[in-house]
Every structure is written in structure tokens, then in C-alpha cells.
$ cat target30.txt   # compact mmCIF, N, CA and C atoms
# COMPACT_ATOMS: atom_id res chain seq x y z
N MET M 1 -2.29 43.75 -41.18
CA MET M 1 -2.56 44.72 -40.13
C MET M 1 -3.69 44.19 -39.24
N THR M 2 -3.55 44.37 -37.97
CA THR M 2 -4.55 43.93 -37.01
C THR M 2 -5.87 44.64 -37.26
N GLY M 3 -6.96 43.89 -37.20
CA GLY M 3 -8.28 44.45 -37.39
C GLY M 3 -8.75 44.43 -38.83
N GLN M 4 -7.82 44.36 -39.76
CA GLN M 4 -8.16 44.37 -41.19
C GLN M 4 -8.15 42.95 -41.74
N PRO M 5 -9.05 42.64 -42.68
CA PRO M 5 -9.04 41.30 -43.29
C PRO M 5 -7.68 40.98 -43.90
N GLN M 6 -7.28 39.73 -43.75
CA GLN M 6 -6.01 39.26 -44.30
C GLN M 6 -6.31 38.30 -45.45
N ALA M 7 -5.71 38.55 -46.60
CA ALA M 7 -5.99 37.77 -47.81
C ALA M 7 -5.64 36.29 -47.64
N ASP M 8 -4.67 35.99 -46.78
CA ASP M 8 -4.22 34.60 -46.62
C ASP M 8 -4.80 33.93 -45.37
N CYS M 9 -5.82 34.53 -44.75
CA CYS M 9 -6.39 34.00 -43.51
C CYS M 9 -7.68 33.24 -43.80
N LEU M 10 -7.68 31.95 -43.48
CA LEU M 10 -8.86 31.11 -43.67
C LEU M 10 -10.08 31.67 -42.95
N PHE M 11 -9.93 32.10 -41.70
CA PHE M 11 -11.08 32.57 -40.93
C PHE M 11 -11.59 33.91 -41.44
N CYS M 12 -10.72 34.76 -41.97
CA CYS M 12 -11.18 36.00 -42.61
C CYS M 12 -12.06 35.64 -43.81
N LYS M 13 -11.65 34.62 -44.55
CA LYS M 13 -12.42 34.19 -45.72
C LYS M 13 -13.76 33.58 -45.32
N ILE M 14 -13.80 32.87 -44.20
CA ILE M 14 -15.07 32.34 -43.70
C ILE M 14 -15.96 33.50 -43.25
N ALA M 15 -15.38 34.48 -42.58
CA ALA M 15 -16.16 35.63 -42.09
C ALA M 15 -16.81 36.41 -43.22
N THR M 16 -16.15 36.46 -44.37
CA THR M 16 -16.71 37.20 -45.50
C THR M 16 -17.56 36.33 -46.42
N GLY M 17 -17.61 35.02 -46.16
CA GLY M 17 -18.39 34.11 -46.99
C GLY M 17 -17.64 33.61 -48.21
N GLU M 18 -16.38 33.97 -48.34
CA GLU M 18 -15.56 33.52 -49.47
C GLU M 18 -15.28 32.02 -49.40
N VAL M 19 -15.15 31.51 -48.18
CA VAL M 19 -14.96 30.07 -47.95
C VAL M 19 -16.19 29.58 -47.20
N PRO M 20 -16.82 28.50 -47.66
CA PRO M 20 -18.03 28.01 -46.99
C PRO M 20 -17.72 27.39 -45.63
N ALA M 21 -18.68 27.50 -44.75
CA ALA M 21 -18.62 26.87 -43.43
C ALA M 21 -20.06 26.63 -42.98
N THR M 22 -20.21 25.74 -42.02
CA THR M 22 -21.53 25.50 -41.45
C THR M 22 -21.73 26.51 -40.32
N VAL M 23 -22.29 27.64 -40.68
CA VAL M 23 -22.49 28.74 -39.74
C VAL M 23 -23.71 28.44 -38.87
N VAL M 24 -23.54 28.58 -37.56
CA VAL M 24 -24.65 28.35 -36.63
C VAL M 24 -25.16 29.64 -36.02
N ARG M 25 -24.35 30.69 -36.00
CA ARG M 25 -24.77 32.00 -35.48
C ARG M 25 -23.92 33.06 -36.17
N GLU M 26 -24.49 34.25 -36.30
CA GLU M 26 -23.73 35.38 -36.84
C GLU M 26 -24.30 36.67 -36.26
N THR M 27 -23.41 37.58 -35.88
CA THR M 27 -23.78 38.90 -35.40
C THR M 27 -23.02 39.93 -36.23
N ASP M 28 -23.17 41.18 -35.88
CA ASP M 28 -22.42 42.24 -36.57
C ASP M 28 -20.91 42.07 -36.41
N THR M 29 -20.48 41.48 -35.28
CA THR M 29 -19.05 41.41 -34.98
C THR M 29 -18.47 40.00 -34.96
N THR M 30 -19.33 38.97 -35.00
CA THR M 30 -18.84 37.59 -34.85
C THR M 30 -19.50 36.64 -35.84
N VAL M 31 -18.84 35.50 -36.03
CA VAL M 31 -19.40 34.37 -36.78
C VAL M 31 -19.08 33.12 -35.98
N ALA M 32 -20.06 32.24 -35.85
CA ALA M 32 -19.86 30.95 -35.17
C ALA M 32 -20.16 29.85 -36.18
N PHE M 33 -19.24 28.88 -36.27
CA PHE M 33 -19.40 27.80 -37.24
C PHE M 33 -18.82 26.51 -36.69
N ARG M 34 -19.29 25.39 -37.23
CA ARG M 34 -18.85 24.07 -36.76
C ARG M 34 -17.40 23.80 -37.18
N ASP M 35 -16.64 23.23 -36.26
CA ASP M 35 -15.26 22.86 -36.54
C ASP M 35 -15.26 21.69 -37.52
N ILE M 36 -14.35 21.72 -38.50
CA ILE M 36 -14.30 20.63 -39.49
C ILE M 36 -13.64 19.37 -38.93
N ASN M 37 -12.99 19.48 -37.77
CA ASN M 37 -12.37 18.32 -37.13
C ASN M 37 -12.81 18.31 -35.66
N PRO M 38 -14.09 18.01 -35.41
CA PRO M 38 -14.62 18.15 -34.06
C PRO M 38 -13.96 17.22 -33.05
N GLN M 39 -13.72 17.78 -31.86
CA GLN M 39 -13.11 17.04 -30.76
C GLN M 39 -14.13 16.67 -29.69
N ALA M 40 -15.39 17.02 -29.94
CA ALA M 40 -16.50 16.69 -29.04
C ALA M 40 -17.78 16.74 -29.87
N PRO M 41 -18.86 16.15 -29.37
CA PRO M 41 -20.11 16.21 -30.13
C PRO M 41 -20.52 17.64 -30.51
N THR M 42 -20.31 18.58 -29.60
CA THR M 42 -20.46 19.99 -29.93
C THR M 42 -19.06 20.58 -29.99
N HIS M 43 -18.69 21.09 -31.16
CA HIS M 43 -17.41 21.78 -31.32
C HIS M 43 -17.63 22.88 -32.34
N VAL M 44 -17.85 24.08 -31.82
CA VAL M 44 -18.14 25.24 -32.63
C VAL M 44 -17.07 26.29 -32.37
N LEU M 45 -16.62 26.93 -33.44
CA LEU M 45 -15.66 28.03 -33.31
C LEU M 45 -16.42 29.35 -33.38
N VAL M 46 -16.07 30.27 -32.51
CA VAL M 46 -16.63 31.62 -32.54
C VAL M 46 -15.47 32.56 -32.83
N ILE M 47 -15.59 33.32 -33.93
CA ILE M 47 -14.50 34.21 -34.34
C ILE M 47 -15.02 35.65 -34.41
N PRO M 48 -14.11 36.60 -34.19
CA PRO M 48 -14.46 37.98 -34.51
C PRO M 48 -14.36 38.15 -36.02
N LYS M 49 -15.20 39.00 -36.59
CA LYS M 49 -15.09 39.27 -38.02
C LYS M 49 -13.80 40.03 -38.33
N ALA M 50 -13.36 40.85 -37.40
CA ALA M 50 -12.10 41.59 -37.56
C ALA M 50 -10.93 40.65 -37.31
N HIS M 51 -9.87 40.80 -38.07
CA HIS M 51 -8.70 39.93 -37.92
C HIS M 51 -7.81 40.41 -36.78
N HIS M 52 -7.57 39.51 -35.85
CA HIS M 52 -6.58 39.69 -34.78
C HIS M 52 -5.93 38.32 -34.63
N PRO M 53 -4.63 38.26 -34.50
CA PRO M 53 -3.95 36.95 -34.53
C PRO M 53 -4.26 36.02 -33.36
N ASP M 54 -4.66 36.56 -32.22
CA ASP M 54 -4.94 35.71 -31.07
C ASP M 54 -5.81 36.47 -30.08
N ALA M 55 -6.25 35.79 -29.04
CA ALA M 55 -7.17 36.38 -28.06
C ALA M 55 -6.54 37.56 -27.34
N ALA M 56 -5.25 37.48 -27.03
CA ALA M 56 -4.60 38.59 -26.32
C ALA M 56 -4.57 39.84 -27.18
N SER M 57 -4.27 39.68 -28.45
CA SER M 57 -4.26 40.82 -29.37
C SER M 57 -5.66 41.41 -29.51
N LEU M 58 -6.66 40.56 -29.60
CA LEU M 58 -8.04 41.02 -29.69
C LEU M 58 -8.42 41.79 -28.43
N ALA M 59 -8.07 41.26 -27.27
CA ALA M 59 -8.41 41.92 -26.00
C ALA M 59 -7.77 43.30 -25.90
N ALA M 60 -6.52 43.41 -26.35
CA ALA M 60 -5.82 44.69 -26.28
C ALA M 60 -6.41 45.71 -27.24
N ALA M 61 -6.79 45.26 -28.44
CA ALA M 61 -7.25 46.19 -29.48
C ALA M 61 -8.74 46.48 -29.40
N GLU M 62 -9.53 45.45 -29.12
CA GLU M 62 -10.99 45.60 -29.18
C GLU M 62 -11.65 44.78 -28.06
N PRO M 63 -11.53 45.22 -26.81
CA PRO M 63 -12.08 44.42 -25.71
C PRO M 63 -13.57 44.15 -25.83
N GLN M 64 -14.33 45.07 -26.41
CA GLN M 64 -15.77 44.83 -26.55
C GLN M 64 -16.04 43.69 -27.53
N VAL M 65 -15.22 43.57 -28.57
CA VAL M 65 -15.40 42.47 -29.52
C VAL M 65 -15.05 41.14 -28.86
N LEU M 66 -14.03 41.14 -28.00
CA LEU M 66 -13.73 39.92 -27.25
C LEU M 66 -14.92 39.55 -26.36
N ALA M 67 -15.54 40.54 -25.74
CA ALA M 67 -16.74 40.27 -24.94
C ALA M 67 -17.86 39.72 -25.82
N ASP M 68 -17.97 40.23 -27.05
CA ASP M 68 -18.97 39.71 -27.99
C ASP M 68 -18.71 38.24 -28.30
N VAL M 69 -17.44 37.88 -28.51
CA VAL M 69 -17.06 36.49 -28.79
C VAL M 69 -17.49 35.60 -27.63
N LEU M 70 -17.20 36.03 -26.41
CA LEU M 70 -17.57 35.22 -25.24
C LEU M 70 -19.08 35.13 -25.06
N ALA M 71 -19.78 36.22 -25.30
CA ALA M 71 -21.24 36.19 -25.20
C ALA M 71 -21.82 35.22 -26.23
N GLU M 72 -21.29 35.24 -27.43
CA GLU M 72 -21.77 34.32 -28.47
C GLU M 72 -21.42 32.88 -28.12
N ALA M 73 -20.28 32.65 -27.49
CA ALA M 73 -19.94 31.29 -27.05
C ALA M 73 -21.03 30.77 -26.11
N GLY M 74 -21.50 31.61 -25.20
CA GLY M 74 -22.57 31.21 -24.30
C GLY M 74 -23.87 30.94 -25.04
N ARG M 75 -24.16 31.75 -26.04
CA ARG M 75 -25.39 31.54 -26.83
C ARG M 75 -25.30 30.26 -27.65
N VAL M 76 -24.12 29.97 -28.18
CA VAL M 76 -23.92 28.70 -28.90
C VAL M 76 -24.18 27.54 -27.95
N ALA M 77 -23.63 27.60 -26.74
CA ALA M 77 -23.84 26.53 -25.76
C ALA M 77 -25.33 26.35 -25.48
N GLU M 78 -26.06 27.45 -25.36
CA GLU M 78 -27.50 27.36 -25.15
C GLU M 78 -28.19 26.70 -26.35
N ASP M 79 -27.86 27.18 -27.55
CA ASP M 79 -28.48 26.64 -28.77
C ASP M 79 -28.20 25.15 -28.92
N GLU M 80 -27.00 24.74 -28.55
CA GLU M 80 -26.58 23.34 -28.69
C GLU M 80 -27.02 22.48 -27.50
N LYS M 81 -27.63 23.11 -26.51
CA LYS M 81 -28.14 22.44 -25.30
C LYS M 81 -27.03 21.85 -24.43
N VAL M 82 -25.82 22.36 -24.54
CA VAL M 82 -24.75 21.90 -23.66
C VAL M 82 -24.60 22.81 -22.44
N ASP M 83 -25.33 23.92 -22.42
CA ASP M 83 -25.28 24.80 -21.25
C ASP M 83 -25.82 24.09 -20.01
N ARG M 84 -26.67 23.10 -20.22
CA ARG M 84 -27.29 22.38 -19.11
C ARG M 84 -26.37 21.30 -18.52
N THR M 85 -25.51 20.74 -19.35
CA THR M 85 -24.65 19.64 -18.91
C THR M 85 -23.20 20.05 -18.70
N GLY M 86 -22.83 21.21 -19.21
CA GLY M 86 -21.48 21.72 -19.06
C GLY M 86 -20.76 21.80 -20.39
N TYR M 87 -19.97 22.83 -20.53
CA TYR M 87 -19.20 23.04 -21.75
C TYR M 87 -17.92 23.79 -21.42
N ARG M 88 -17.04 23.81 -22.37
CA ARG M 88 -15.75 24.48 -22.19
C ARG M 88 -15.56 25.48 -23.32
N VAL M 89 -15.00 26.65 -22.99
CA VAL M 89 -14.61 27.64 -23.98
C VAL M 89 -13.09 27.73 -23.91
N VAL M 90 -12.43 27.51 -25.05
CA VAL M 90 -10.96 27.46 -25.10
C VAL M 90 -10.44 28.44 -26.14
N PHE M 91 -9.45 29.22 -25.75
CA PHE M 91 -8.67 30.04 -26.68
C PHE M 91 -7.26 29.47 -26.69
N ASN M 92 -6.81 28.92 -27.81
CA ASN M 92 -5.42 28.49 -27.94
C ASN M 92 -4.64 29.70 -28.46
N THR M 93 -3.54 30.01 -27.78
CA THR M 93 -2.75 31.17 -28.18
C THR M 93 -1.31 30.73 -28.43
N GLY M 94 -0.93 30.73 -29.70
CA GLY M 94 0.42 30.32 -30.09
C GLY M 94 0.46 28.87 -30.52
N SER M 95 1.41 28.56 -31.37
CA SER M 95 1.52 27.20 -31.90
C SER M 95 1.81 26.18 -30.80
N GLY M 96 2.52 26.57 -29.76
CA GLY M 96 2.81 25.66 -28.66
C GLY M 96 1.57 25.26 -27.88
N ALA M 97 0.51 26.04 -28.01
CA ALA M 97 -0.75 25.73 -27.34
C ALA M 97 -1.74 25.08 -28.29
N GLY M 98 -1.32 24.84 -29.53
CA GLY M 98 -2.19 24.18 -30.49
C GLY M 98 -2.90 25.09 -31.45
N GLN M 99 -2.60 26.40 -31.43
CA GLN M 99 -3.25 27.29 -32.38
C GLN M 99 -2.69 27.02 -33.77
N THR M 100 -3.58 26.74 -34.72
CA THR M 100 -3.16 26.46 -36.09
C THR M 100 -3.63 27.51 -37.08
N VAL M 101 -4.69 28.24 -36.73
CA VAL M 101 -5.15 29.36 -37.56
C VAL M 101 -4.96 30.61 -36.72
N PHE M 102 -4.15 31.53 -37.21
CA PHE M 102 -3.77 32.69 -36.42
C PHE M 102 -4.72 33.86 -36.65
N HIS M 103 -5.97 33.59 -36.30
CA HIS M 103 -7.08 34.54 -36.25
C HIS M 103 -7.77 34.18 -34.95
N ALA M 104 -7.92 35.12 -34.04
CA ALA M 104 -8.50 34.82 -32.73
C ALA M 104 -9.78 34.01 -32.88
N HIS M 105 -9.93 33.00 -32.05
CA HIS M 105 -11.14 32.20 -32.08
C HIS M 105 -11.31 31.42 -30.77
N ALA M 106 -12.56 31.25 -30.40
CA ALA M 106 -12.91 30.47 -29.22
C ALA M 106 -13.51 29.15 -29.67
N HIS M 107 -13.07 28.08 -29.05
CA HIS M 107 -13.67 26.76 -29.27
C HIS M 107 -14.74 26.57 -28.20
N VAL M 108 -15.95 26.22 -28.60
CA VAL M 108 -17.00 25.85 -27.67
C VAL M 108 -17.15 24.34 -27.78
N LEU M 109 -16.82 23.64 -26.68
CA LEU M 109 -16.80 22.18 -26.66
C LEU M 109 -17.78 21.66 -25.62
N GLY M 110 -18.54 20.66 -25.99
CA GLY M 110 -19.47 20.05 -25.04
C GLY M 110 -20.08 18.79 -25.60
N GLY M 111 -20.94 18.20 -24.81
CA GLY M 111 -21.63 17.00 -25.25
C GLY M 111 -20.95 15.71 -24.85
N ARG M 112 -19.86 15.82 -24.11
CA ARG M 112 -19.17 14.65 -23.55
C ARG M 112 -18.42 15.11 -22.32
N GLY M 113 -17.92 14.18 -21.54
CA GLY M 113 -17.10 14.55 -20.40
C GLY M 113 -15.82 15.22 -20.86
N LEU M 114 -15.47 16.30 -20.20
CA LEU M 114 -14.24 17.03 -20.52
C LEU M 114 -13.33 16.96 -19.30
N ASN M 115 -12.30 16.14 -19.41
CA ASN M 115 -11.41 15.88 -18.28
C ASN M 115 -10.60 17.12 -17.93
N TRP M 116 -10.14 17.15 -16.69
CA TRP M 116 -9.25 18.20 -16.22
C TRP M 116 -8.07 17.55 -15.53
N PRO M 117 -6.86 17.94 -15.77
CA PRO M 117 -6.52 19.03 -16.68
C PRO M 117 -6.59 18.58 -18.13
N PRO M 118 -6.84 19.55 -19.03
CA PRO M 118 -6.84 19.20 -20.45
C PRO M 118 -5.42 18.87 -20.89
N GLY M 119 -5.28 18.21 -21.99
CA GLY M 119 -3.92 17.91 -22.41
C GLY M 119 -3.84 17.24 -23.73

$ encode --input "target30.txt" --output "C-alpha cells"
Amino acid sequence: MTGQPQADCLFCKIATGEVPATVVRETDTTVAFRDINPQAPTHVLVIPKAHHPDAASLAAAEPQVLADVLAEAGRVAEDEKVDRTGYRVVFNTGSGAGQTVFHAHAHVLGGRGLNWPPG
């Protein structure tokens, strides 16, 4: 069920502390942790603690929590000092876009040149 922890969801388990992660920030509604397969010198995932399968579902059900995720992405960029040089916030939605964990999450990427268009 949307919003409720899912027993088979890796990110739900990280949010509850059942699975370890390198947490860099945590709020009442979000957790930010380092990606285990970084694609840039800074690669941090920001997730809502509530389970929603993707960003669109999160936006429809809990728009304030989506705003919390984006605000935390900005704070991560500041903490990591990539706010000064530029960073990217990415939501992959669906397997065709590269989503592999179906719990809404934002990737905060920075610390190197990020070409456009991405691909």
C-alpha cells in the first residue's frame, strides 16, 4: 500500500535502519544517504520515509513530502559543497528510465561536469 512500509523494499529498510547505509542527513520525513554505486563524486539519494513507488505517486499522495525531498536535495548539495559549482537532481520513474528500486528517490549528483542531454 502506498505510504506504508513495504517488507520487500530496500529503501523502506534503509529508512527504518534495518539495512545499513551511509546516512548524510535525516529529517522527520526524509533520509539522505550515499549511493552504493556512485556516478559522480557526489551521489546521494534522498528518499521519503513513507513508501511511494515513484516521484509521480509521491507528488499525488503527499506533495509536501515531495517538497521536503527537494528541499533536502538542496541541503545535501550545500553540505557537499556542490551548490557552488552546480549539481543535478534526478528522479528516474519506471524501469525504462533506469529506476531499479521502486521507492521514490532523488539522486543528487555533482562534483564533475554533467553533460546535457543526459543519456

$ closest_residue --input "target30.txt" --among "M:Pro48, M:Pro53, M:Pro38, M:Pro20" --to "Thr100 in chain M" --atoms "only C-alpha atoms"
M:Pro53

$ atom_distance --input "target30.txt" --atom1 "CA of Ile36 in chain M" --atom2 "atom N of Leu109 in chain M"
13.4 Å

$ closest_residue --input "target30.txt" --among "M:Gly110, M:Phe33, M:His51, M:Arg75" --to "Cys12 in chain M" --atoms "only C-alpha atoms"
M:His51

$ select_by_dssp --input "target30.txt" --residues "range 24-98 of chain M" --states "helix (DSSP H, G or I)" --output "NGL selection string"
:M and (55-61 or 63-79 or 95-97)

$ select_by_dssp --input "target30.txt" --residues "range 16-103 of chain M" --states "strand (DSSP E or B)" --output "ChimeraX atom specification"
/M:23-26,30-34,42-48,87-90

$ atom_distance --input "target30.txt" --atom1 "atom C of Ala55 in chain M" --atom2 "CA of Asn115 in chain M"
24.0 Å

$ closest_residue --input "target30.txt" --among "M:His43, M:Val31, M:Asp54, M:Ala61" --to "Ile14 in chain M" --atoms "all atoms listed in the file"
M:Val31

$ atom_distance --input "target30.txt" --atom1 "atom C of His52 in chain M" --atom2 "atom N of Thr2 in chain M"
7.3 Å

$ residues_around --input "target30.txt" --residues "Asn92 in chain M" --least-positions-apart "3" --cutoff "6.5 Å" --atoms "all atoms listed in the file" --output "PDB file with N, CA and C atoms, keeping the file's coordinate frame"
ATOM      1  N   ALA M  55      -6.250  35.790 -29.040  1.00  0.00           N
ATOM      2  CA  ALA M  55      -7.170  36.380 -28.060  1.00  0.00           C
ATOM      3  C   ALA M  55      -6.540  37.560 -27.340  1.00  0.00           C
ATOM      4  N   ALA M  97       0.510  26.040 -28.010  1.00  0.00           N
ATOM      5  CA  ALA M  97      -0.750  25.730 -27.340  1.00  0.00           C
ATOM      6  C   ALA M  97      -1.740  25.080 -28.290  1.00  0.00           C
ATOM      7  N   GLY M  98      -1.320  24.840 -29.530  1.00  0.00           N
ATOM      8  CA  GLY M  98      -2.190  24.180 -30.490  1.00  0.00           C
ATOM      9  C   GLY M  98      -2.900  25.090 -31.450  1.00  0.00           C
ATOM     10  N   GLN M  99      -2.600  26.400 -31.430  1.00  0.00           N
ATOM     11  CA  GLN M  99      -3.250  27.290 -32.380  1.00  0.00           C
ATOM     12  C   GLN M  99      -2.690  27.020 -33.770  1.00  0.00           C
ATOM     13  N   HIS M 105      -9.930  33.000 -32.050  1.00  0.00           N
ATOM     14  CA  HIS M 105     -11.140  32.200 -32.080  1.00  0.00           C
ATOM     15  C   HIS M 105     -11.310  31.420 -30.770  1.00  0.00           C
ATOM     16  N   ALA M 106     -12.560  31.250 -30.400  1.00  0.00           N
ATOM     17  CA  ALA M 106     -12.910  30.470 -29.220  1.00  0.00           C
ATOM     18  C   ALA M 106     -13.510  29.150 -29.670  1.00  0.00           C
ATOM     19  N   HIS M 107     -13.070  28.080 -29.050  1.00  0.00           N
ATOM     20  CA  HIS M 107     -13.670  26.760 -29.270  1.00  0.00           C
ATOM     21  C   HIS M 107     -14.740  26.570 -28.200  1.00  0.00           C
TER      22      HIS M 107
END

$ closest_residue --input "target30.txt" --among "M:Pro117, M:Val69, M:Thr42, M:Ala77" --to "Thr27 in chain M" --atoms "only C-alpha atoms"
M:Val69

$ residues_near_point --input "target30.txt" --point "(-9.9, 43.1, -39.5)" --cutoff "6.5 Å" --atoms "all atoms listed in the file" --output "JSON, numbers by chain"
{"M": [1, 2, 3, 4, 5, 6, 49, 50, 51, 52]}

$ closest_residue --input "target30.txt" --among "M:Ala67, M:Val46, M:Ala56, M:Val76" --to "Phe11 in chain M" --atoms "only C-alpha atoms"
M:Val46

$ residues_around --input "target30.txt" --residues "Val65 in chain M" --least-positions-apart "5" --cutoff "10 Å" --atoms "only C-alpha atoms" --output "list in words"
Asp28, Thr29, Thr30, Ile47, Pro48, Lys49, Ala50, Leu58, Ala59, Leu70 and Ala71 of chain M
